[in-house]
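The file protein.cif comes next; it holds mmCIF, C-alpha atoms.
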```cif
data_query
loop_
_atom_site.label_atom_id
_atom_site.label_comp_id
_atom_site.auth_asym_id
_atom_site.auth_seq_id
_atom_site.Cartn_x
_atom_site.Cartn_y
_atom_site.Cartn_z
CA SER E 157 -4.32 21.50 -6.38
CA ASN E 158 -1.86 19.63 -8.56
CA HIS E 159 -3.69 19.99 -11.84
CA LYS E 160 -2.32 17.68 -14.49
CA PRO E 161 -3.19 18.91 -17.98
CA ASN E 162 -2.94 15.42 -19.45
CA LYS E 163 -5.89 14.13 -17.42
CA LYS E 164 -8.77 12.91 -19.50
CA PRO E 165 -11.75 15.27 -19.57
CA ASP E 166 -14.53 14.22 -17.24
CA GLU E 167 -17.05 13.41 -19.94
CA VAL E 168 -14.95 10.44 -21.06
CA LYS E 169 -15.64 8.64 -17.79
CA PRO E 170 -18.39 6.03 -17.82
CA VAL E 171 -21.57 6.99 -16.00
CA GLU E 172 -21.04 4.42 -13.24
CA SER E 173 -18.04 6.32 -11.91
CA ALA E 174 -20.43 8.78 -10.27
CA THR E 175 -20.86 6.16 -7.55
CA LYS E 176 -17.76 5.75 -5.45
CA PRO E 177 -15.64 2.68 -6.16
CA LYS E 178 -16.13 -0.22 -3.78
CA HIS E 179 -13.34 -2.29 -2.32
CA ALA E 180 -12.88 -5.82 -3.63
CA LEU E 181 -11.98 -7.47 -0.32
CA ASP E 182 -15.04 -9.71 -0.33
CA ASP E 183 -13.98 -11.22 -3.68
CA LEU E 184 -10.62 -12.46 -2.40
CA VAL E 185 -9.92 -16.14 -1.96
CA PRO E 186 -9.19 -16.73 1.75
CA GLY E 187 -5.79 -18.20 2.57
CA ASP E 188 -4.98 -20.76 5.24
CA PRO E 189 -2.47 -19.41 7.77
CA ALA E 190 -2.29 -22.82 9.50
CA VAL E 191 0.10 -24.10 6.81
CA LEU E 192 2.67 -21.35 7.49
CA GLN E 193 5.51 -22.80 9.53
CA ASP E 194 7.56 -19.67 10.20
CA ILE E 195 5.13 -17.40 12.08
CA THR E 196 4.40 -19.49 15.18
CA ASN E 197 6.52 -17.41 17.56
CA HIS E 198 6.55 -14.21 15.57
CA TRP E 199 5.46 -10.91 17.17
CA ALA E 200 3.14 -10.24 14.23
CA LYS E 201 1.60 -13.73 14.20
CA ASP E 202 -1.98 -12.53 14.83
CA SER E 203 -1.79 -9.82 12.16
CA ILE E 204 -0.25 -12.22 9.63
CA GLN E 205 -2.95 -14.81 10.31
CA ALA E 206 -5.67 -12.19 9.90
CA ILE E 207 -4.27 -10.85 6.62
CA VAL E 208 -3.62 -14.30 5.13
CA THR E 209 -7.12 -15.42 6.13
CA ARG E 210 -8.51 -12.42 4.22
CA GLY E 211 -6.46 -13.41 1.18
CA LEU E 212 -4.69 -10.07 1.16
CA MET E 213 -1.21 -11.53 1.54
CA LEU E 214 -0.05 -15.08 0.81
CA GLY E 215 3.01 -17.06 1.77
CA LYS E 216 6.15 -16.60 -0.31
CA THR E 217 6.16 -20.38 -0.63
CA GLU E 218 3.49 -22.93 0.26
CA LYS E 219 4.67 -23.16 3.86
CA LEU E 220 6.70 -20.00 4.48
CA PHE E 221 5.44 -16.45 4.94
CA MET E 222 8.96 -15.07 5.40
CA PRO E 223 7.81 -12.36 7.81
CA ASN E 224 11.20 -10.66 8.15
CA GLU E 225 11.79 -10.26 4.42
CA VAL E 226 11.52 -6.76 3.03
CA LEU E 227 8.37 -6.04 1.00
CA THR E 228 8.98 -5.04 -2.62
CA ARG E 229 7.13 -2.41 -4.63
CA ALA E 230 5.69 -5.16 -6.85
CA GLU E 231 4.38 -7.11 -3.86
CA PHE E 232 2.82 -3.96 -2.47
CA ALA E 233 1.20 -3.12 -5.82
CA THR E 234 -0.36 -6.59 -5.79
CA ILE E 235 -1.76 -6.06 -2.29
CA ILE E 236 -3.31 -2.70 -3.22
CA SER E 237 -4.77 -4.23 -6.37
CA ARG E 238 -6.40 -6.89 -4.23
CA ILE E 239 -7.97 -4.18 -2.08
CA ILE E 240 -9.41 -2.11 -4.93
CA GLY E 241 -9.98 -4.92 -7.44
CA GLN E 242 -8.56 -5.28 -10.92
CA ARG E 243 -10.33 -2.76 -13.15
CA ASP E 244 -11.38 -3.71 -16.67
CA SER E 245 -9.98 -0.66 -18.38
CA TYR E 246 -7.22 1.76 -17.57
CA VAL E 247 -4.66 3.88 -19.33
CA SER E 248 -1.52 1.80 -19.05
CA VAL E 249 1.74 3.43 -18.10
CA ASP E 250 4.80 2.46 -20.10
CA TYR E 251 7.51 1.56 -17.59
CA LYS E 252 10.84 0.36 -18.97
CA ASP E 253 11.09 -2.34 -16.31
CA VAL E 254 7.48 -3.59 -16.14
CA LYS E 255 7.15 -5.48 -19.41
CA HIS E 256 6.42 -8.97 -18.13
CA GLY E 257 6.12 -10.73 -14.81
CA TRP E 258 3.43 -11.71 -12.32
CA TYR E 259 3.09 -8.09 -11.22
CA VAL E 260 2.41 -6.28 -14.52
CA GLU E 261 -1.39 -6.05 -14.20
CA SER E 262 -1.34 -4.99 -10.56
CA ILE E 263 1.26 -2.28 -11.19
CA GLN E 264 -0.65 -0.95 -14.19
CA ASN E 265 -3.91 -1.07 -12.26
CA ILE E 266 -2.78 1.05 -9.33
CA SER E 267 -0.31 3.17 -11.27
CA SER E 268 -2.99 4.38 -13.66
CA LEU E 269 -4.92 5.63 -10.62
CA GLY E 270 -1.86 7.45 -9.28
CA ILE E 271 -1.83 5.32 -6.11
CA LEU E 272 1.80 4.23 -6.54
CA GLN E 273 3.75 5.61 -9.45
CA GLY E 274 7.12 5.18 -11.06
CA TYR E 275 10.20 7.36 -11.11
CA PRO E 276 11.22 10.25 -13.40
CA ASP E 277 13.62 7.97 -15.29
CA GLY E 278 10.69 5.92 -16.62
CA THR E 279 11.17 2.94 -14.29
CA PHE E 280 8.89 1.51 -11.60
CA LYS E 281 11.58 -0.57 -9.85
CA PRO E 282 9.24 -3.48 -9.07
CA ARG E 283 11.87 -5.46 -7.17
CA ALA E 284 13.08 -2.54 -5.08
CA PRO E 285 11.90 -2.38 -1.45
CA ILE E 286 9.02 -0.01 -0.77
CA SER E 287 9.77 2.67 1.82
CA ARG E 288 7.49 3.45 4.75
CA ALA E 289 6.77 6.88 3.24
CA GLU E 290 5.79 5.38 -0.13
CA MET E 291 3.59 2.80 1.58
CA ILE E 292 1.83 5.33 3.80
CA VAL E 293 1.12 7.73 0.93
CA SER E 294 -0.15 4.88 -1.26
CA LEU E 295 -2.48 3.65 1.47
CA ALA E 296 -3.86 7.16 1.93
CA ARG E 297 -4.45 7.42 -1.83
CA THR E 298 -6.13 4.01 -1.81
CA MET E 299 -8.54 5.25 0.86
CA GLU E 300 -9.09 8.45 -1.15
CA TYR E 301 -9.96 6.34 -4.19
CA LEU E 302 -12.47 4.37 -2.10
CA GLY E 303 -13.93 7.60 -0.71
CA LEU E 304 -12.87 6.63 2.83
CA TYR E 305 -10.05 9.09 3.44
CA GLU E 306 -10.60 11.75 6.07
CA ALA E 307 -7.90 14.34 6.52
CA VAL E 308 -6.64 14.86 10.03
CA ASP E 309 -5.51 18.05 11.77
CA THR E 310 -1.72 18.03 11.45
CA ASN E 311 -1.07 20.27 14.44
CA GLY E 312 1.24 18.78 17.04
CA VAL E 313 1.16 15.24 15.67
CA LEU E 314 4.66 15.10 14.22
CA GLU E 315 6.58 17.27 16.67
CA ASN E 316 7.16 14.30 18.99
CA PHE E 317 9.35 12.46 16.49
CA LYS E 318 13.09 13.09 16.37
CA ASP E 319 13.45 12.78 12.62
CA VAL E 320 10.52 14.97 11.59
CA ASP E 321 12.89 17.37 9.80
CA ASN E 322 13.94 14.59 7.42
CA MET E 323 10.36 13.82 6.49
CA PRO E 324 9.60 14.01 2.76
CA ILE E 325 7.20 16.94 2.30
CA TRP E 326 4.98 14.85 0.00
CA ALA E 327 4.39 12.32 2.78
CA LYS E 328 3.44 14.71 5.58
CA ASP E 329 -0.37 14.72 5.40
CA ALA E 330 -0.60 11.00 4.76
CA THR E 331 1.74 10.28 7.68
CA VAL E 332 -0.36 12.33 10.08
CA TRP E 333 -3.43 10.45 8.83
CA ALA E 334 -1.66 7.10 9.28
CA ILE E 335 -0.56 7.95 12.83
CA ALA E 336 -4.03 9.17 13.78
CA HIS E 337 -5.57 5.93 12.53
CA LYS E 338 -2.92 3.77 14.24
CA LEU E 339 -1.53 2.40 10.99
CA VAL E 340 1.97 3.41 12.01
CA GLY E 341 3.74 4.78 15.04
CA GLY E 342 7.28 5.66 15.94
CA TYR E 343 10.14 3.28 16.56
CA PRO E 344 11.48 2.74 20.09
CA ASP E 345 14.26 5.27 19.36
CA GLY E 346 11.68 8.04 18.87
CA THR E 347 11.94 8.21 15.07
CA LEU E 348 9.29 7.68 12.42
CA GLY E 349 11.79 6.15 10.01
CA LEU E 350 9.91 7.05 6.85
CA ASN E 351 12.89 6.21 4.65
CA ARG E 352 13.19 2.74 6.14
CA THR E 353 12.05 -0.39 4.35
CA VAL E 354 9.04 -2.38 5.56
CA THR E 355 9.07 -6.08 6.37
CA ARG E 356 6.28 -8.41 5.35
CA ALA E 357 5.32 -8.74 9.02
CA GLU E 358 5.15 -4.96 9.49
CA THR E 359 3.07 -4.78 6.32
CA ALA E 360 0.58 -7.31 7.71
CA ARG E 361 0.30 -5.26 10.89
CA ILE E 362 -0.34 -2.03 8.93
CA LEU E 363 -2.88 -3.74 6.67
CA GLU E 364 -4.76 -5.08 9.68
CA SER E 365 -5.23 -1.50 10.89
CA LEU E 366 -6.28 -0.45 7.39
CA LEU E 367 -8.95 -3.14 7.25
CA ASN E 368 -10.40 -1.78 10.48
CA GLN E 369 -10.75 1.55 8.67
CA ILE E 370 -12.41 0.03 5.62
CA ASN E 371 -14.86 -2.21 7.42
#
```

Can you present the structure in this file as structure tokens?
Amino acid sequence: SNHKPNKKPDEVKPVESATKPKHALDDLVPGDPAVLQDITNHWAKDSIQAIVTRGLMLGKTEKLFMPNEVLTRAEFATIISRIIGQRDSYVSVDYKDVKHGWYVESIQNISSLGILQGYPDGTFKPRAPISRAEMIVSLARTMEYLGLYEAVDTNGVLENFKDVDNMPIWAKDATVWAIAHKLVGGYPDGTLGLNRTVTRAETARILESLLNQIN
């Protein structure tokens, strides 16, 4: 396994960590999708309404969800933080480009758990779009953290997709898991498109499937 020597020894952990962490979904403040004016005829309307009602995603403005906008890494970090809850203590990671902003706590929260990390150059790139591969791997790690991840037999799952040879090796297991649990599928052209960006609407759709896993 990928042993990292700089991990804290186990005895430092508080006793409570023997019990598996619980999700924080029940603590979220529910949103009101009825105020959103730009989802009425959208293909992902039902998913968006469900996710906003859970308080997992909010509008970009009071009345606009902006479903076709690309999701950023900072926005995604905030969503994951809402799922797992903001922890009281963590070892913060010193990113050059995460010094201040609405997203600092969320990024530190999930980054310190290794759910979504920065780049070798010391940046996190909060405003950059998250790729499908990054999102899928982060969701799998979130489920691992919650003790809800079950690995899936990889045989034969990926062979049907045209672009399987371009798949990042680090995303393979998580992608098979995500396909098996209906979080993602292929595009109409037969590709998985793991390097593509993800819209806010697509994110809502994926999160809806994830909630079915958690609950």

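Taken over the shown file, the PyMOL selection byres ((chain E and resi 292) around 9) identifies Ser287, Arg288, Ala289, Glu290, Met291, Val293, Ser294, Leu295, Ala296, Arg297, Ala327, Ala330, Thr331, Trp333, Ala334, Leu339, Val340 and Leu350 of chain E.
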
Item to complete: Expand the PyMOL selection byres ((chain E and resi 318) around 7) into the individual residues it matches in the shown file, reporting them as JSON, numbers by chain.
Response: {"E": [316, 317, 319, 320, 346, 347]}

Worksheet entry | Selection: 6 Å around range 354-366 of chain E, all atoms listed in the file, excl. self and same-chain fewer than 5 positions, as JSON, numbers by chain | {"E": [200, 203, 204, 223, 224, 225, 226, 227, 339]}

Let's have the selection written as a PDB file, in the coordinates of the input, with C-alpha atoms.
```pdb
ATOM      1  CA  ALA E 200       3.140 -10.240  14.230  1.00  0.00           C
ATOM      2  CA  SER E 203      -1.790  -9.820  12.160  1.00  0.00           C
ATOM      3  CA  ILE E 204      -0.250 -12.220   9.630  1.00  0.00           C
ATOM      4  CA  PRO E 223       7.810 -12.360   7.810  1.00  0.00           C
ATOM      5  CA  ASN E 224      11.200 -10.660   8.150  1.00  0.00           C
ATOM      6  CA  GLU E 225      11.790 -10.260   4.420  1.00  0.00           C
ATOM      7  CA  VAL E 226      11.520  -6.760   3.030  1.00  0.00           C
ATOM      8  CA  LEU E 227       8.370  -6.040   1.000  1.00  0.00           C
ATOM      9  CA  LEU E 339      -1.530   2.400  10.990  1.00  0.00           C
TER      10      LEU E 339
END
```

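With distances restricted to only C-alpha atoms, E:Ala233 is the closest residue to Gln273 in chain E from E:Ala233, E:Leu314, E:Met222, E:Met299.
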
Discussion item. Between E:Thr298, E:Asn197, E:Gln205, E:Thr279, which residue has the minimum interatomic distance to Ile235 in chain E, considering all atoms listed in the file?
Written reply: E:Thr298

Practice prompt. Please evaluate the PyMOL selection byres ((chain E and resi 278) around 12) against the structure above and give the resulting residues as a ChimeraX atom specification.
Written response: /E:249-254,273-277,279-281

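With all atoms listed in the file taken into account, the protein and nucleic acid residues at most 8 Å from Phe221 in chain E (excluding it and anything under 6 positions from it in its own chain) are Leu192, Gln193, Asp194, Ile195, Leu214 and Gly215 of chain E.
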
Take the selection from the previous step and output its residues with C-alpha atoms, as a compact mmCIF listing (two decimals), in the coordinates of the input.
```
# COMPACT_ATOMS: atom_id res chain seq x y z
CA LEU E 192 2.67 -21.35 7.49
CA GLN E 193 5.51 -22.80 9.53
CA ASP E 194 7.56 -19.67 10.20
CA ILE E 195 5.13 -17.40 12.08
CA LEU E 214 -0.05 -15.08 0.81
CA GLY E 215 3.01 -17.06 1.77
```

Discussion item. If I take CA of Asp202 in chain E and CA of Pro189 in chain E, how far is one from the other in Å, to one decimal?
Written reply: 9.9 Å

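Among the candidates E:Trp258, E:Phe232, E:Trp326, E:Trp199, the one nearest to Met213 in chain E when counting all atoms listed in the file is E:Phe232.
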
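Distance-wise, CA of Val191 in chain E and CA of Arg229 in chain E end up 25.5 Å apart.
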
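Across the model, the gap from CA of Asn351 in chain E to CA of Leu304 in chain E is 25.8 Å.
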
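With distances taken over all atoms listed in the file, E:Thr228 is the one residue among E:Ser267, E:Ser262, E:Thr228, E:Asn322 lying closest to Arg283 in chain E.
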
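Of the listed residues (E:Val313, E:Val247, E:Met323, E:Ala180), E:Met323 comes nearest to Gly349 in chain E; the distances count only C-alpha atoms.
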
Item to complete: Write out as a list in words each polymer residue whose atoms come within 10 Å of Leu181 in chain E, counting only C-alpha atoms; drop sequence neighbours fewer than 4 positions from it.
Response: Val185, Pro186, Arg210, Gly211, Leu212, Ser237, Arg238, Ile239, Ile240, Gly241, Leu367, Ile370 and Asn371 of chain E

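The smallest atom-to-atom distance between Arg243 in chain E and any of E:Lys255, E:Arg352, E:His179, E:Lys328, using all atoms listed in the file, is found for E:His179.
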
Can you sort out range 278-289 of chain E so it carries all heavy atoms, written as a PDB file, in the frame of the given file?
```
ATOM      1  N   GLY E 278      11.510   6.836 -15.838  1.00  0.00           N
ATOM      2  CA  GLY E 278      10.690   5.920 -16.620  1.00  0.00           C
ATOM      3  C   GLY E 278      10.660   4.491 -16.085  1.00  0.00           C
ATOM      4  O   GLY E 278      10.165   3.581 -16.746  1.00  0.00           O
ATOM      5  N   THR E 279      11.202   4.283 -14.890  1.00  0.00           N
ATOM      6  CA  THR E 279      11.170   2.940 -14.290  1.00  0.00           C
ATOM      7  C   THR E 279      10.151   2.911 -13.153  1.00  0.00           C
ATOM      8  O   THR E 279       9.752   3.955 -12.612  1.00  0.00           O
ATOM      9  CB  THR E 279      12.532   2.550 -13.699  1.00  0.00           C
ATOM     10  OG1 THR E 279      12.855   3.469 -12.638  1.00  0.00           O
ATOM     11  CG2 THR E 279      13.625   2.590 -14.757  1.00  0.00           C
ATOM     12  N   PHE E 280       9.748   1.704 -12.775  1.00  0.00           N
ATOM     13  CA  PHE E 280       8.890   1.510 -11.600  1.00  0.00           C
ATOM     14  C   PHE E 280       9.679   0.864 -10.458  1.00  0.00           C
ATOM     15  O   PHE E 280       9.345   1.026  -9.304  1.00  0.00           O
ATOM     16  CB  PHE E 280       7.685   0.624 -11.963  1.00  0.00           C
ATOM     17  CG  PHE E 280       6.705   0.485 -10.828  1.00  0.00           C
ATOM     18  CD1 PHE E 280       5.713   1.434 -10.625  1.00  0.00           C
ATOM     19  CD2 PHE E 280       6.774  -0.597  -9.952  1.00  0.00           C
ATOM     20  CE1 PHE E 280       4.823   1.321  -9.559  1.00  0.00           C
ATOM     21  CE2 PHE E 280       5.879  -0.724  -8.888  1.00  0.00           C
ATOM     22  CZ  PHE E 280       4.902   0.237  -8.698  1.00  0.00           C
ATOM     23  N   LYS E 281      10.745   0.156 -10.820  1.00  0.00           N
ATOM     24  CA  LYS E 281      11.580  -0.570  -9.850  1.00  0.00           C
ATOM     25  C   LYS E 281      10.733  -1.580  -9.046  1.00  0.00           C
ATOM     26  O   LYS E 281      10.636  -1.473  -7.816  1.00  0.00           O
ATOM     27  CB  LYS E 281      12.314   0.387  -8.914  1.00  0.00           C
ATOM     28  CG  LYS E 281      13.183   1.410  -9.640  1.00  0.00           C
ATOM     29  CD  LYS E 281      14.126   2.108  -8.683  1.00  0.00           C
ATOM     30  CE  LYS E 281      14.911   3.285  -9.224  1.00  0.00           C
ATOM     31  NZ  LYS E 281      14.932   3.547 -10.634  1.00  0.00           N
ATOM     32  N   PRO E 282      10.135  -2.547  -9.741  1.00  0.00           N
ATOM     33  CA  PRO E 282       9.240  -3.480  -9.070  1.00  0.00           C
ATOM     34  C   PRO E 282       9.904  -4.304  -7.962  1.00  0.00           C
ATOM     35  O   PRO E 282       9.265  -4.648  -6.966  1.00  0.00           O
ATOM     36  CB  PRO E 282       8.746  -4.397 -10.199  1.00  0.00           C
ATOM     37  CG  PRO E 282       9.707  -4.206 -11.324  1.00  0.00           C
ATOM     38  CD  PRO E 282      10.234  -2.819 -11.184  1.00  0.00           C
ATOM     39  N   ARG E 283      11.196  -4.594  -8.156  1.00  0.00           N
ATOM     40  CA  ARG E 283      11.870  -5.460  -7.170  1.00  0.00           C
ATOM     41  C   ARG E 283      12.541  -4.676  -6.053  1.00  0.00           C
ATOM     42  O   ARG E 283      13.097  -5.260  -5.125  1.00  0.00           O
ATOM     43  CB  ARG E 283      12.893  -6.347  -7.873  1.00  0.00           C
ATOM     44  CG  ARG E 283      12.240  -7.361  -8.795  1.00  0.00           C
ATOM     45  CD  ARG E 283      13.240  -8.346  -9.370  1.00  0.00           C
ATOM     46  NE  ARG E 283      12.572  -9.361 -10.174  1.00  0.00           N
ATOM     47  CZ  ARG E 283      12.202  -9.171 -11.439  1.00  0.00           C
ATOM     48  NH1 ARG E 283      12.454  -8.017 -12.033  1.00  0.00           N
ATOM     49  NH2 ARG E 283      11.592 -10.127 -12.111  1.00  0.00           N
ATOM     50  N   ALA E 284      12.489  -3.358  -6.141  1.00  0.00           N
ATOM     51  CA  ALA E 284      13.080  -2.540  -5.080  1.00  0.00           C
ATOM     52  C   ALA E 284      12.167  -2.577  -3.849  1.00  0.00           C
ATOM     53  O   ALA E 284      10.955  -2.730  -3.977  1.00  0.00           O
ATOM     54  CB  ALA E 284      13.269  -1.111  -5.558  1.00  0.00           C
ATOM     55  N   PRO E 285      12.735  -2.419  -2.658  1.00  0.00           N
ATOM     56  CA  PRO E 285      11.900  -2.380  -1.450  1.00  0.00           C
ATOM     57  C   PRO E 285      11.039  -1.114  -1.469  1.00  0.00           C
ATOM     58  O   PRO E 285      11.468  -0.076  -1.968  1.00  0.00           O
ATOM     59  CB  PRO E 285      12.906  -2.302  -0.305  1.00  0.00           C
ATOM     60  CG  PRO E 285      14.258  -2.452  -0.889  1.00  0.00           C
ATOM     61  CD  PRO E 285      14.164  -2.247  -2.353  1.00  0.00           C
ATOM     62  N   ILE E 286       9.841  -1.211  -0.924  1.00  0.00           N
ATOM     63  CA  ILE E 286       9.020  -0.010  -0.770  1.00  0.00           C
ATOM     64  C   ILE E 286       9.402   0.653   0.550  1.00  0.00           C
ATOM     65  O   ILE E 286       9.701  -0.039   1.528  1.00  0.00           O
ATOM     66  CB  ILE E 286       7.512  -0.330  -0.834  1.00  0.00           C
ATOM     67  CG1 ILE E 286       6.713   0.971  -0.908  1.00  0.00           C
ATOM     68  CG2 ILE E 286       7.056  -1.203   0.334  1.00  0.00           C
ATOM     69  CD1 ILE E 286       5.322   0.803  -1.460  1.00  0.00           C
ATOM     70  N   SER E 287       9.443   1.970   0.569  1.00  0.00           N
ATOM     71  CA  SER E 287       9.770   2.670   1.820  1.00  0.00           C
ATOM     72  C   SER E 287       8.490   2.902   2.621  1.00  0.00           C
ATOM     73  O   SER E 287       7.380   2.835   2.078  1.00  0.00           O
ATOM     74  CB  SER E 287      10.430   4.015   1.527  1.00  0.00           C
ATOM     75  OG  SER E 287       9.472   4.924   0.997  1.00  0.00           O
ATOM     76  N   ARG E 288       8.663   3.156   3.908  1.00  0.00           N
ATOM     77  CA  ARG E 288       7.490   3.450   4.750  1.00  0.00           C
ATOM     78  C   ARG E 288       6.721   4.650   4.202  1.00  0.00           C
ATOM     79  O   ARG E 288       5.496   4.645   4.173  1.00  0.00           O
ATOM     80  CB  ARG E 288       7.955   3.740   6.186  1.00  0.00           C
ATOM     81  CG  ARG E 288       7.862   2.526   7.077  1.00  0.00           C
ATOM     82  CD  ARG E 288       8.654   2.678   8.335  1.00  0.00           C
ATOM     83  NE  ARG E 288       8.149   3.617   9.325  1.00  0.00           N
ATOM     84  CZ  ARG E 288       7.277   3.302  10.292  1.00  0.00           C
ATOM     85  NH1 ARG E 288       6.758   2.095  10.361  1.00  0.00           N
ATOM     86  NH2 ARG E 288       6.928   4.192  11.198  1.00  0.00           N
ATOM     87  N   ALA E 289       7.445   5.679   3.757  1.00  0.00           N
ATOM     88  CA  ALA E 289       6.770   6.880   3.240  1.00  0.00           C
ATOM     89  C   ALA E 289       5.934   6.532   2.009  1.00  0.00           C
ATOM     90  O   ALA E 289       4.778   6.938   1.893  1.00  0.00           O
ATOM     91  CB  ALA E 289       7.802   7.957   2.884  1.00  0.00           C
TER      92      ALA E 289
END
```
